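A.B. asks: Enclosed is the structure file coords.json (JSON, C-alpha atoms).
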[["chain", "number", "residue", "atom", "x", "y", "z"],
["A", 1, "TYR", "CA", 153.09, 89.54, 19.57],
["A", 2, "ALA", "CA", 153.53, 92.38, 22.08],
["A", 3, "SER", "CA", 154.05, 94.97, 19.33],
["A", 4, "LYS", "CA", 150.79, 93.91, 17.70],
["A", 5, "MET", "CA", 148.87, 94.33, 20.95],
["A", 6, "LEU", "CA", 150.39, 97.51, 22.39],
["A", 7, "GLY", "CA", 148.70, 100.64, 21.09],
["A", 8, "GLY", "CA", 145.70, 98.69, 19.88],
["A", 9, "THR", "CA", 142.14, 98.58, 21.18],
["A", 10, "LEU", "CA", 140.74, 95.63, 23.08],
["A", 11, "VAL", "CA", 137.03, 95.02, 22.58],
["A", 12, "THR", "CA", 135.26, 92.59, 24.91],
["A", 13, "LYS", "CA", 131.80, 92.21, 26.44],
["A", 14, "GLN", "CA", 133.07, 94.09, 29.49],
["A", 15, "SER", "CA", 134.66, 96.96, 27.55],
["A", 16, "GLY", "CA", 131.67, 97.70, 25.35],
["A", 17, "PRO", "CA", 131.84, 98.28, 21.58],
["A", 18, "ALA", "CA", 134.27, 101.23, 21.91],
["A", 19, "GLY", "CA", 136.86, 99.00, 23.58],
["A", 20, "LYS", "CA", 139.78, 100.01, 25.79],
["A", 21, "PRO", "CA", 143.28, 101.17, 24.78],
["A", 22, "VAL", "CA", 146.06, 98.65, 25.30],
["A", 23, "ASN", "CA", 148.90, 100.57, 26.96],
["A", 24, "THR", "CA", 150.36, 97.87, 29.20],
["A", 25, "LEU", "CA", 150.84, 94.13, 28.92],
["A", 26, "MET", "CA", 151.08, 91.69, 31.80],
["A", 27, "LEU", "CA", 153.08, 88.51, 31.22],
["A", 28, "ALA", "CA", 152.03, 85.41, 33.12],
["A", 29, "LYS", "CA", 153.46, 81.94, 33.37],
["A", 30, "LYS", "CA", 151.58, 79.38, 31.31],
["A", 31, "MET", "CA", 149.55, 77.15, 33.59],
["A", 32, "ASP", "CA", 148.32, 73.61, 33.09],
["A", 33, "LEU", "CA", 144.87, 73.78, 34.63],
["A", 34, "LYS", "CA", 143.04, 70.53, 35.21],
["A", 35, "ARG", "CA", 139.85, 71.81, 36.82],
["A", 36, "GLU", "CA", 138.17, 75.22, 37.06],
["A", 37, "MET", "CA", 136.05, 76.60, 39.92],
["A", 38, "TYR", "CA", 134.46, 79.91, 40.86],
["A", 39, "PHE", "CA", 135.19, 81.99, 43.98],
["A", 40, "SER", "CA", 134.22, 85.51, 45.00],
["A", 41, "ILE", "CA", 133.80, 87.75, 48.04],
["A", 42, "LEU", "CA", 131.33, 90.63, 47.98],
["A", 43, "LEU", "CA", 130.14, 93.28, 50.40],
["A", 44, "ASN", "CA", 126.71, 92.30, 51.65],
["A", 45, "ARG", "CA", 125.29, 95.71, 52.64],
["A", 46, "PRO", "CA", 123.69, 96.57, 55.01],
["A", 47, "ASP", "CA", 124.79, 93.33, 56.72],
["A", 48, "PRO", "CA", 128.19, 93.77, 58.45],
["A", 49, "ARG", "CA", 129.21, 90.43, 56.99],
["A", 50, "ALA", "CA", 130.91, 89.70, 53.69],
["A", 51, "LEU", "CA", 129.32, 87.19, 51.33],
["A", 52, "VAL", "CA", 131.60, 84.44, 50.03],
["A", 53, "ILE", "CA", 130.32, 82.61, 46.94],
["A", 54, "ALA", "CA", 131.97, 79.37, 45.86],
["A", 55, "CYS", "CA", 131.14, 76.86, 43.16],
["A", 56, "ALA", "CA", 132.88, 73.70, 41.97],
["A", 57, "GLU", "CA", 132.05, 74.70, 38.39],
["A", 58, "GLY", "CA", 134.00, 77.70, 37.11],
["A", 59, "GLY", "CA", 135.26, 79.35, 33.98],
["A", 60, "THR", "CA", 131.71, 80.32, 33.07],
["A", 61, "SER", "CA", 129.03, 82.83, 34.04],
["A", 62, "ILE", "CA", 128.07, 82.50, 37.69],
["A", 63, "GLU", "CA", 124.77, 84.22, 36.80],
["A", 64, "ASP", "CA", 123.91, 81.36, 34.44],
["A", 65, "LEU", "CA", 124.87, 78.77, 37.04],
["A", 66, "ALA", "CA", 122.69, 80.51, 39.63],
["A", 67, "VAL", "CA", 119.70, 79.93, 37.33],
["A", 68, "GLU", "CA", 120.56, 76.48, 36.00],
["A", 69, "LYS", "CA", 122.22, 74.88, 39.06],
["A", 70, "PRO", "CA", 121.55, 76.95, 42.18],
["A", 71, "GLU", "CA", 122.28, 73.94, 44.37],
["A", 72, "ALA", "CA", 125.89, 73.92, 43.12],
["A", 73, "ILE", "CA", 126.61, 77.33, 44.67],
["A", 74, "VAL", "CA", 127.79, 77.61, 48.26],
["A", 75, "LYS", "CA", 127.24, 80.90, 50.11],
["A", 76, "VAL", "CA", 128.97, 81.71, 53.39],
["A", 77, "LEU", "CA", 128.60, 84.93, 55.41],
["A", 78, "VAL", "CA", 131.75, 86.05, 57.24],
["A", 79, "ASP", "CA", 131.69, 88.72, 59.94],
["A", 80, "MET", "CA", 133.82, 91.68, 58.82],
["A", 81, "THR", "CA", 133.97, 93.06, 62.37],
["A", 82, "ASP", "CA", 135.47, 89.89, 63.88],
["A", 83, "PRO", "CA", 139.25, 90.38, 64.38],
["A", 84, "ALA", "CA", 139.72, 86.65, 63.86],
["A", 85, "GLY", "CA", 138.51, 86.93, 60.27],
["A", 86, "MET", "CA", 137.28, 83.82, 58.49],
["A", 87, "THR", "CA", 137.08, 80.83, 60.83],
["A", 88, "ASP", "CA", 138.58, 77.42, 60.06],
["A", 89, "ALA", "CA", 135.05, 75.96, 59.92],
["A", 90, "GLN", "CA", 133.95, 78.54, 57.34],
["A", 91, "ALA", "CA", 137.07, 77.95, 55.24],
["A", 92, "ALA", "CA", 136.43, 74.18, 55.37],
["A", 93, "GLN", "CA", 132.81, 74.70, 54.26],
["A", 94, "ILE", "CA", 134.01, 76.73, 51.28],
["A", 95, "ALA", "CA", 136.72, 74.20, 50.36],
["A", 96, "GLU", "CA", 134.08, 71.48, 50.51],
["A", 97, "GLY", "CA", 131.83, 73.51, 48.21],
["A", 98, "LEU", "CA", 134.71, 73.86, 45.75],
["A", 99, "LYS", "CA", 135.21, 70.06, 45.86],
["A", 100, "VAL", "CA", 138.95, 70.51, 46.35],
["A", 101, "THR", "CA", 140.88, 67.36, 45.38],
["A", 102, "GLY", "CA", 144.32, 68.36, 46.70],
["A", 103, "ASP", "CA", 145.61, 69.39, 50.13],
["A", 104, "LYS", "CA", 142.50, 70.49, 52.04],
["A", 105, "ALA", "CA", 144.46, 72.38, 54.71],
["A", 106, "ALA", "CA", 146.38, 74.34, 52.06],
["A", 107, "ALA", "CA", 143.12, 75.12, 50.25],
["A", 108, "CYS", "CA", 141.53, 76.40, 53.47],
["A", 109, "ALA", "CA", 144.58, 78.57, 54.15],
["A", 110, "GLN", "CA", 144.38, 80.06, 50.65],
["A", 111, "VAL", "CA", 140.68, 80.82, 51.03],
["A", 112, "GLN", "CA", 141.38, 82.51, 54.38],
["A", 113, "ASN", "CA", 144.20, 84.54, 52.82],
["A", 114, "LEU", "CA", 141.86, 85.72, 50.06],
["A", 115, "PHE", "CA", 139.44, 86.92, 52.72],
["A", 116, "LYS", "CA", 142.32, 88.65, 54.52],
["A", 117, "VAL", "CA", 143.16, 90.53, 51.30],
["A", 118, "PHE", "CA", 139.50, 91.49, 50.87],
["A", 119, "LYS", "CA", 139.27, 92.92, 54.38],
["A", 120, "GLU", "CA", 142.70, 94.55, 54.77],
["A", 121, "TYR", "CA", 142.63, 96.29, 51.39],
["A", 122, "ASP", "CA", 139.05, 97.65, 51.66],
["A", 123, "CYS", "CA", 137.77, 95.66, 48.71],
["A", 124, "THR", "CA", 134.21, 95.90, 47.49],
["A", 125, "MET", "CA", 134.61, 92.76, 45.37],
["A", 126, "LEU", "CA", 137.20, 90.04, 44.95],
["A", 127, "GLU", "CA", 136.33, 87.60, 42.17],
["A", 128, "VAL", "CA", 138.54, 84.70, 41.13],
["A", 129, "ASN", "CA", 137.19, 83.10, 37.98],
["A", 130, "PRO", "CA", 138.54, 80.64, 37.42],
["A", 131, "LEU", "CA", 140.01, 79.46, 40.67],
["A", 132, "ALA", "CA", 141.71, 76.35, 39.34],
["A", 133, "GLU", "CA", 143.61, 73.22, 40.28],
["A", 134, "ASP", "CA", 146.75, 71.97, 38.58],
["A", 135, "ALA", "CA", 147.71, 68.32, 38.15],
["A", 136, "THR", "CA", 148.81, 68.09, 41.82],
["A", 137, "GLY", "CA", 145.57, 69.59, 43.15],
["A", 138, "LYS", "CA", 147.20, 72.91, 44.05],
["A", 139, "LEU", "CA", 144.82, 75.87, 43.96],
["A", 140, "ILE", "CA", 145.72, 78.65, 41.51],
["A", 141, "ALA", "CA", 144.02, 82.04, 41.11],
["A", 142, "ALA", "CA", 144.13, 81.87, 37.31],
["A", 143, "ASP", "CA", 142.20, 85.09, 36.70],
["A", 144, "ALA", "CA", 140.82, 87.68, 39.09],
["A", 145, "LYS", "CA", 138.98, 90.97, 39.31],
["A", 146, "VAL", "CA", 139.29, 93.18, 42.39],
["A", 147, "GLY", "CA", 137.33, 96.33, 43.21],
["A", 148, "PHE", "CA", 138.27, 98.82, 45.94],
["A", 149, "ASP", "CA", 136.16, 101.21, 48.00],
["A", 150, "ASP", "CA", 136.75, 104.78, 46.77],
["A", 151, "ASN", "CA", 136.07, 106.03, 50.29],
["A", 152, "ALA", "CA", 139.15, 104.14, 51.49],
["A", 153, "ALA", "CA", 141.53, 105.85, 49.06],
["A", 154, "TYR", "CA", 143.25, 107.66, 51.93],
["A", 155, "ARG", "CA", 143.99, 104.30, 53.58],
["A", 156, "GLN", "CA", 145.00, 102.50, 50.39],
["A", 157, "ALA", "CA", 147.21, 105.14, 48.77],
["A", 158, "ASP", "CA", 149.55, 102.56, 47.22],
["A", 159, "ILE", "CA", 146.63, 100.74, 45.60],
["A", 160, "PHE", "CA", 144.99, 103.88, 44.22],
["A", 161, "ALA", "CA", 148.35, 105.15, 42.93],
["A", 162, "MET", "CA", 148.15, 102.32, 40.37],
["A", 163, "ARG", "CA", 144.87, 103.62, 38.94],
["A", 164, "ASP", "CA", 145.10, 103.85, 35.15],
["A", 165, "LEU", "CA", 142.95, 106.79, 34.07],
["A", 166, "THR", "CA", 143.45, 105.91, 30.38],
["A", 167, "GLN", "CA", 141.05, 103.01, 30.93],
["A", 168, "GLU", "CA", 138.25, 105.29, 32.13],
["A", 169, "ASP", "CA", 135.92, 107.72, 30.38],
["A", 170, "PRO", "CA", 137.77, 111.09, 30.42],
["A", 171, "LYS", "CA", 134.50, 112.88, 31.19],
["A", 172, "GLU", "CA", 133.93, 110.72, 34.26],
["A", 173, "VAL", "CA", 137.51, 111.36, 35.41],
["A", 174, "MET", "CA", 136.96, 115.11, 35.01],
["A", 175, "ALA", "CA", 133.63, 114.89, 36.87],
["A", 176, "ALA", "CA", 135.34, 113.32, 39.88],
["A", 177, "LYS", "CA", 137.69, 116.31, 40.10],
["A", 178, "PHE", "CA", 134.68, 118.61, 40.47],
["A", 179, "ASP", "CA", 132.97, 116.23, 42.92],
["A", 180, "LEU", "CA", 130.22, 115.49, 40.39],
["A", 181, "ASN", "CA", 128.49, 112.17, 39.79],
["A", 182, "TYR", "CA", 128.48, 111.65, 36.01],
["A", 183, "ILE", "CA", 127.61, 108.75, 33.73],
["A", 184, "ALA", "CA", 127.62, 109.15, 29.95],
["A", 185, "LEU", "CA", 124.64, 107.89, 27.94],
["A", 186, "ASP", "CA", 123.87, 107.98, 24.22],
["A", 187, "GLY", "CA", 121.18, 110.68, 24.00],
["A", 188, "ASN", "CA", 121.03, 114.28, 22.78],
["A", 189, "ILE", "CA", 119.81, 116.27, 25.83],
["A", 190, "GLY", "CA", 122.46, 116.94, 28.46],
["A", 191, "CYS", "CA", 121.20, 116.98, 32.05],
["A", 192, "MET", "CA", 122.47, 118.79, 35.15],
["A", 193, "VAL", "CA", 120.40, 117.98, 38.21],
["A", 194, "ASN", "CA", 120.85, 118.01, 42.00],
["A", 195, "GLY", "CA", 120.00, 114.69, 43.61],
["A", 196, "ALA", "CA", 120.16, 111.19, 42.17],
["A", 197, "GLY", "CA", 116.41, 110.59, 42.43],
["A", 198, "LEU", "CA", 115.55, 113.85, 40.70],
["A", 199, "ALA", "CA", 118.16, 113.10, 38.03],
["A", 200, "MET", "CA", 116.54, 109.74, 37.30],
["A", 201, "ALA", "CA", 113.09, 111.35, 37.15],
["A", 202, "THR", "CA", 114.41, 114.04, 34.79],
["A", 203, "MET", "CA", 115.81, 111.41, 32.45],
["A", 204, "ASP", "CA", 112.49, 109.53, 32.48],
["A", 205, "ILE", "CA", 110.46, 112.66, 31.68],
["A", 206, "ILE", "CA", 112.79, 113.58, 28.81],
["A", 207, "GLN", "CA", 112.28, 110.10, 27.38],
["A", 208, "LEU", "CA", 108.51, 110.36, 27.90],
["A", 209, "HIS", "CA", 108.36, 113.52, 25.77],
["A", 210, "GLY", "CA", 110.36, 112.06, 22.90],
["A", 211, "GLY", "CA", 113.91, 113.04, 23.81],
["A", 212, "LYS", "CA", 116.92, 111.00, 24.89],
["A", 213, "PRO", "CA", 119.05, 111.92, 27.92],
["A", 214, "ALA", "CA", 122.75, 112.21, 27.08],
["A", 215, "ASN", "CA", 123.97, 111.68, 30.62],
["A", 216, "PHE", "CA", 123.29, 111.30, 34.31],
["A", 217, "LEU", "CA", 124.87, 114.20, 36.21],
["A", 218, "ASP", "CA", 124.21, 114.93, 39.87],
["A", 219, "VAL", "CA", 125.83, 118.14, 41.15],
["A", 220, "GLY", "CA", 124.95, 117.37, 44.76],
["A", 221, "GLY", "CA", 123.61, 119.83, 47.29],
["A", 222, "ALA", "CA", 126.29, 122.53, 47.43],
["A", 223, "ALA", "CA", 127.26, 123.35, 43.83],
["A", 224, "GLN", "CA", 128.97, 126.68, 43.17],
["A", 225, "LYS", "CA", 130.05, 128.43, 39.97],
["A", 226, "GLU", "CA", 133.08, 126.14, 39.57],
["A", 227, "GLN", "CA", 130.95, 122.99, 39.70],
["A", 228, "VAL", "CA", 128.45, 124.43, 37.20],
["A", 229, "ILE", "CA", 131.24, 125.36, 34.77],
["A", 230, "GLY", "CA", 132.75, 121.92, 35.24],
["A", 231, "ALA", "CA", 129.38, 120.27, 34.64],
["A", 232, "PHE", "CA", 128.70, 122.31, 31.50],
["A", 233, "ASN", "CA", 132.19, 121.58, 30.17],
["A", 234, "ILE", "CA", 131.79, 117.85, 30.75],
["A", 235, "ILE", "CA", 128.34, 117.68, 29.17],
["A", 236, "THR", "CA", 129.31, 119.73, 26.10],
["A", 237, "GLN", "CA", 132.33, 117.52, 25.40],
["A", 238, "ASP", "CA", 129.80, 115.01, 24.10],
["A", 239, "PRO", "CA", 129.23, 115.85, 20.41],
["A", 240, "GLY", "CA", 125.81, 114.22, 20.58],
["A", 241, "VAL", "CA", 124.48, 116.85, 23.02],
["A", 242, "LYS", "CA", 122.22, 119.38, 21.25],
["A", 243, "CYS", "CA", 120.57, 120.97, 24.30],
["A", 244, "LEU", "CA", 121.23, 121.39, 28.05],
["A", 245, "LEU", "CA", 118.51, 120.95, 30.66],
["A", 246, "VAL", "CA", 119.16, 122.14, 34.22],
["A", 247, "ASN", "CA", 116.69, 120.90, 36.84],
["A", 248, "ILE", "CA", 117.34, 122.16, 40.37],
["A", 249, "PHE", "CA", 115.25, 121.71, 43.50],
["A", 250, "GLY", "CA", 116.60, 124.15, 46.06],
["A", 251, "GLY", "CA", 116.66, 122.70, 49.54],
["A", 252, "ILE", "CA", 120.13, 123.00, 51.02],
["A", 253, "MET", "CA", 121.16, 124.49, 47.68],
["A", 254, "LYS", "CA", 119.67, 127.94, 47.18],
["A", 255, "CYS", "CA", 118.16, 128.69, 43.77],
["A", 256, "ASP", "CA", 119.73, 132.18, 43.60],
["A", 257, "VAL", "CA", 123.22, 130.70, 44.12],
["A", 258, "ILE", "CA", 122.79, 128.09, 41.40],
["A", 259, "ALA", "CA", 121.17, 130.66, 39.08],
["A", 260, "GLN", "CA", 124.15, 132.97, 39.42],
["A", 261, "GLY", "CA", 126.44, 130.01, 38.77],
["A", 262, "ILE", "CA", 124.49, 129.15, 35.60],
["A", 263, "VAL", "CA", 124.65, 132.76, 34.36],
["A", 264, "ASP", "CA", 128.38, 133.09, 35.12],
["A", 265, "ALA", "CA", 129.17, 129.71, 33.54],
["A", 266, "THR", "CA", 127.16, 130.51, 30.40],
["A", 267, "LYS", "CA", 128.97, 133.84, 29.96],
["A", 268, "GLU", "CA", 132.42, 132.47, 30.74],
["A", 269, "MET", "CA", 132.06, 129.50, 28.39],
["A", 270, "GLY", "CA", 130.27, 131.39, 25.64],
["A", 271, "LEU", "CA", 127.73, 128.58, 25.62],
["A", 272, "LYS", "CA", 126.05, 128.22, 22.21],
["A", 273, "LEU", "CA", 123.71, 125.30, 22.87],
["A", 274, "PRO", "CA", 120.06, 125.86, 23.83],
["A", 275, "LEU", "CA", 119.77, 126.00, 27.64],
["A", 276, "VAL", "CA", 116.54, 125.19, 29.52],
["A", 277, "VAL", "CA", 116.46, 125.85, 33.27],
["A", 278, "ARG", "CA", 113.86, 124.79, 35.80],
["A", 279, "LEU", "CA", 114.29, 126.05, 39.37],
["A", 280, "GLU", "CA", 112.13, 125.30, 42.38],
["A", 281, "GLY", "CA", 112.56, 125.67, 46.13],
["A", 282, "THR", "CA", 114.56, 128.03, 48.36],
["A", 283, "ASN", "CA", 114.92, 131.55, 46.91],
["A", 284, "VAL", "CA", 113.34, 130.44, 43.63],
["A", 285, "GLU", "CA", 111.92, 133.87, 42.74],
["A", 286, "LEU", "CA", 115.30, 135.50, 43.26],
["A", 287, "GLY", "CA", 116.92, 132.78, 41.15],
["A", 288, "ARG", "CA", 114.45, 133.28, 38.30],
["A", 289, "LYS", "CA", 115.03, 137.04, 38.41],
["A", 290, "ILE", "CA", 118.80, 136.55, 38.12],
["A", 291, "ILE", "CA", 118.30, 134.48, 34.98],
["A", 292, "GLN", "CA", 115.69, 136.87, 33.54],
["A", 293, "ASP", "CA", 117.91, 139.92, 34.14],
["A", 294, "SER", "CA", 121.01, 138.26, 32.68],
["A", 295, "GLY", "CA", 120.02, 139.08, 29.11],
["A", 296, "LEU", "CA", 121.13, 135.58, 28.08],
["A", 297, "PRO", "CA", 119.01, 133.35, 25.78],
["A", 298, "ILE", "CA", 118.12, 130.98, 28.62],
["A", 299, "THR", "CA", 114.70, 129.30, 28.44],
["A", 300, "THR", "CA", 113.01, 128.99, 31.82],
["A", 301, "ALA", "CA", 110.44, 126.35, 32.76],
["A", 302, "VAL", "CA", 107.78, 126.28, 35.47],
["A", 303, "ASP", "CA", 107.96, 122.55, 36.18],
["A", 304, "LEU", "CA", 109.71, 119.37, 35.06],
["A", 305, "ASP", "CA", 107.20, 118.53, 32.33],
["A", 306, "ASP", "CA", 107.50, 122.04, 30.92],
["A", 307, "ALA", "CA", 111.30, 121.80, 31.01],
["A", 308, "ALA", "CA", 111.38, 118.46, 29.19],
["A", 309, "ILE", "CA", 108.92, 119.63, 26.53],
["A", 310, "LYS", "CA", 110.97, 122.79, 25.89],
["A", 311, "ALA", "CA", 114.25, 120.85, 25.78],
["A", 312, "VAL", "CA", 112.86, 118.36, 23.24],
["A", 313, "ALA", "CA", 111.42, 121.22, 21.16],
["A", 314, "ALA", "CA", 114.82, 122.95, 21.14],
["A", 315, "ILE", "CA", 116.48, 120.06, 19.31],
["A", 316, "LYS", "CA", 113.82, 119.63, 16.64]]
Let me see the structure of the file written as structure tokens.

C.D. replies:
Amino acid sequence: YASKMLGGTLVTKQSGPAGKPVNTLMLAKKMDLKREMYFSILLNRPDPRALVIACAEGGTSIEDLAVEKPEAIVKVLVDMTDPAGMTDAQAAQIAEGLKVTGDKAAACAQVQNLFKVFKEYDCTMLEVNPLAEDATGKLIAADAKVGFDDNAAYRQADIFAMRDLTQEDPKEVMAAKFDLNYIALDGNIGCMVNGAGLAMATMDIIQLHGGKPANFLDVGGAAQKEQVIGAFNIITQDPGVKCLLVNIFGGIMKCDVIAQGIVDATKEMGLKLPLVVRLEGTNVELGRKIIQDSGLPITTAVDLDDAAIKAVAAIK
């Protein structure tokens, strides 16, 4: 069975239609589960408390249960700043919500240990679905999903050393190396923008004028030539991209600096795709002059509407 699975592609609702490569198998002891429950711990920003969600009905979508049987879900807030962690009373409330049939004290201890893991390992989510009971009433974490805070990588080096990059989009992995925020989409106009809000607005305007954004890419507020080259390389790896649109509002980032980065990146890469650039803000006139004097076939735009219209026209 292992030989049939290794090297294959696993397609599930979570993986999407492209699936994920199967490079490693985990063997687990077969369990005789008599009853399934749901348990999770989530960060509850901006509240300094973690939200524990428990339900006596598991093995199914908690979202569906929240709609169909909201009364069956128990929610408990636990103070993350309290050195004592989860109190005995809170653990007992959760065990009661799970309708534990076995040793109640052991169940409370297991719930408290799960919270300890969540806190000590800088988790953003710890979901056990199902949390199950065997024939003796013993609680078993039959399946689990755990997410970790990227900002805590320096504290959790052993955890992050286990990261399997083969399970991630190579373009997103490359973007992280250049300190770029990138999410691939299925459109034909690649976007490089500074600021998440402006990036979302750019994608909306492209759609409004009949185009489809190929990605979300935020270069942040201090992009240099290296980040621009990295961004262009990442975007152009997508064969669906037929045009690049750069939309920069120069606040902290100066338009002349980003313009020089765009010119240098275009020359260094030998970029062949149509490139539309809209600059606004600090040193904008100097930035526009750098692009104009470059001699490169870069289309400039006066505003976001103009940029989107020109980008859509370039692919038709």

A.B. asks: For segment 245-258 of chain A, find every residue with an atom within 8 Å (counting all atoms listed in the file), except residues of its own chain fewer than 4 positions away, and show them as a PDB file with C-alpha atoms, in the coordinates of the input.

C.D. replies:
ATOM      1  CA  ILE A 189     119.810 116.270  25.830  1.00  0.00           C
ATOM      2  CA  GLY A 190     122.460 116.940  28.460  1.00  0.00           C
ATOM      3  CA  CYS A 191     121.200 116.980  32.050  1.00  0.00           C
ATOM      4  CA  MET A 192     122.470 118.790  35.150  1.00  0.00           C
ATOM      5  CA  VAL A 193     120.400 117.980  38.210  1.00  0.00           C
ATOM      6  CA  ASN A 194     120.850 118.010  42.000  1.00  0.00           C
ATOM      7  CA  THR A 202     114.410 114.040  34.790  1.00  0.00           C
ATOM      8  CA  GLY A 221     123.610 119.830  47.290  1.00  0.00           C
ATOM      9  CA  ALA A 222     126.290 122.530  47.430  1.00  0.00           C
ATOM     10  CA  ALA A 223     127.260 123.350  43.830  1.00  0.00           C
ATOM     11  CA  GLN A 224     128.970 126.680  43.170  1.00  0.00           C
ATOM     12  CA  LYS A 225     130.050 128.430  39.970  1.00  0.00           C
ATOM     13  CA  VAL A 228     128.450 124.430  37.200  1.00  0.00           C
ATOM     14  CA  ILE A 262     124.490 129.150  35.600  1.00  0.00           C
ATOM     15  CA  LEU A 275     119.770 126.000  27.640  1.00  0.00           C
ATOM     16  CA  VAL A 276     116.540 125.190  29.520  1.00  0.00           C
ATOM     17  CA  VAL A 277     116.460 125.850  33.270  1.00  0.00           C
ATOM     18  CA  ARG A 278     113.860 124.790  35.800  1.00  0.00           C
ATOM     19  CA  LEU A 279     114.290 126.050  39.370  1.00  0.00           C
ATOM     20  CA  GLU A 280     112.130 125.300  42.380  1.00  0.00           C
ATOM     21  CA  GLY A 281     112.560 125.670  46.130  1.00  0.00           C
ATOM     22  CA  THR A 282     114.560 128.030  48.360  1.00  0.00           C
ATOM     23  CA  ASN A 283     114.920 131.550  46.910  1.00  0.00           C
ATOM     24  CA  VAL A 284     113.340 130.440  43.630  1.00  0.00           C
ATOM     25  CA  LEU A 286     115.300 135.500  43.260  1.00  0.00           C
ATOM     26  CA  GLY A 287     116.920 132.780  41.150  1.00  0.00           C
ATOM     27  CA  ARG A 288     114.450 133.280  38.300  1.00  0.00           C
ATOM     28  CA  ILE A 290     118.800 136.550  38.120  1.00  0.00           C
ATOM     29  CA  LEU A 304     109.710 119.370  35.060  1.00  0.00           C
ATOM     30  CA  ALA A 307     111.300 121.800  31.010  1.00  0.00           C
ATOM     31  CA  ALA A 308     111.380 118.460  29.190  1.00  0.00           C
ATOM     32  CA  ALA A 311     114.250 120.850  25.780  1.00  0.00           C
TER      33      ALA A 311
END

A.B. asks: With all atoms listed in the file as the counted atoms, please give the residues lying no more than 12 Å from segment 156-161 of chain A, apart from itself and same-chain residues fewer than 5 positions off, as a ChimeraX atom specification.

C.D. replies: /A:119-123,146-151

A.B. asks: Using only C-alpha atoms and a cutoff of 8 Å, can you tell me which residues are near (125.2, 76.4, 47.2) in the file's coordinates, and write them out as a PyMOL selection string?

C.D. replies: chain A and resi 54-55+70-75+97

A.B. asks: With the cut-off set at 8 Å and counting all atoms listed in the file, tabulate each residue of segment 121-200 of chain A with an atom at most that distance from an atom of segment 102-112 of chain A, showing the nearest atom pair and its distance in Å to one decimal, ordered by chain and increasing number, as JSON lines.

C.D. replies:
{"residue": "A:Thr136", "atom": "CA", "partner": "A:Gly102", "partner_atom": "CA", "distance": 6.6}
{"residue": "A:Gly137", "atom": "CA", "partner": "A:Gly102", "partner_atom": "CA", "distance": 4.0}
{"residue": "A:Lys138", "atom": "CA", "partner": "A:Gly102", "partner_atom": "CA", "distance": 6.0}
{"residue": "A:Leu139", "atom": "CA", "partner": "A:Ala107", "partner_atom": "CA", "distance": 6.6}

A.B. asks: Restricting it to C-alpha atoms, dump the selection as a PDB file, keeping the file's coordinate frame.

C.D. replies:
ATOM      1  CA  THR A 136     148.810  68.090  41.820  1.00  0.00           C
ATOM      2  CA  GLY A 137     145.570  69.590  43.150  1.00  0.00           C
ATOM      3  CA  LYS A 138     147.200  72.910  44.050  1.00  0.00           C
ATOM      4  CA  LEU A 139     144.820  75.870  43.960  1.00  0.00           C
TER       5      LEU A 139
END

A.B. asks: In Å, rounded to a single decimal, give me how far atom CA of Ala231 of chain A is from atom CA of Val173 of chain A.

C.D. replies: 12.1 Å

A.B. asks: Between atom CA of Thr9 of chain A and atom CA of Gly240 of chain A, what distance in Å does the model show, to one decimal?

C.D. replies: 22.6 Å

A.B. asks: Which one is closest to Gly261 of chain A: A:Glu226, A:Asp88, A:Asp293, A:Asp32? Count all atoms listed in the file.

C.D. replies: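 The closest residue to Gly261 of chain A is A:Glu226.
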
A.B. asks: So, with only C-alpha atoms as the atoms that count, which of A:Ala175, A:Ala201, A:Lys29, A:Lys212 lies closest to Gln227 of chain A?

C.D. replies: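 Ranking A:Ala175, A:Ala201, A:Lys29, A:Lys212 by distance to Gln227 of chain A, first place goes to A:Ala175.
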
A.B. asks: What does the structure give for the distance between atom CA of Leu6 of chain A and atom CA of Glu168 of chain A, in Å to one decimal?

C.D. replies: 17.4 Å

A.B. asks: When distances are computed from only C-alpha atoms, which of A:Asp238, A:Lys4, A:Leu296, A:Asn215 shows the smallest separation from Gly270 of chain A?

C.D. replies: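 With only C-alpha atoms as the atom set, the closest residue is A:Leu296.
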
A.B. asks: Measuring between only C-alpha atoms, which one of A:Leu43, A:Val22, A:Met80, A:Ile183 shows the shortest distance to Asp164 of chain A?

C.D. replies: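 Of the candidates, the smallest distance to Asp164 of chain A is held by A:Val22.
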
A.B. asks: Smallest atom-to-atom distance to Leu165 of chain A: which of A:Met125, A:Ala199, A:Lys242, A:Pro21, using all atoms listed in the file?

C.D. replies: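 Closest residue, counting all atoms listed in the file: A:Pro21.
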
A.B. asks: Which residues come within 9 Å of Ile309 of chain A, counting only C-alpha atoms, excluding same-chain residues fewer than 2 positions away, as an MDAnalysis selection string?

C.D. replies: chainID A and resid 205:206 209:211 304:307 311:314

A.B. asks: The residues within 12 Å of (127.0, 92.2, 55.0), using all atoms listed in the file and the coordinates of the file, should be reported as a ChimeraX atom specification; which are they?

C.D. replies: /A:41-52,76-81,124
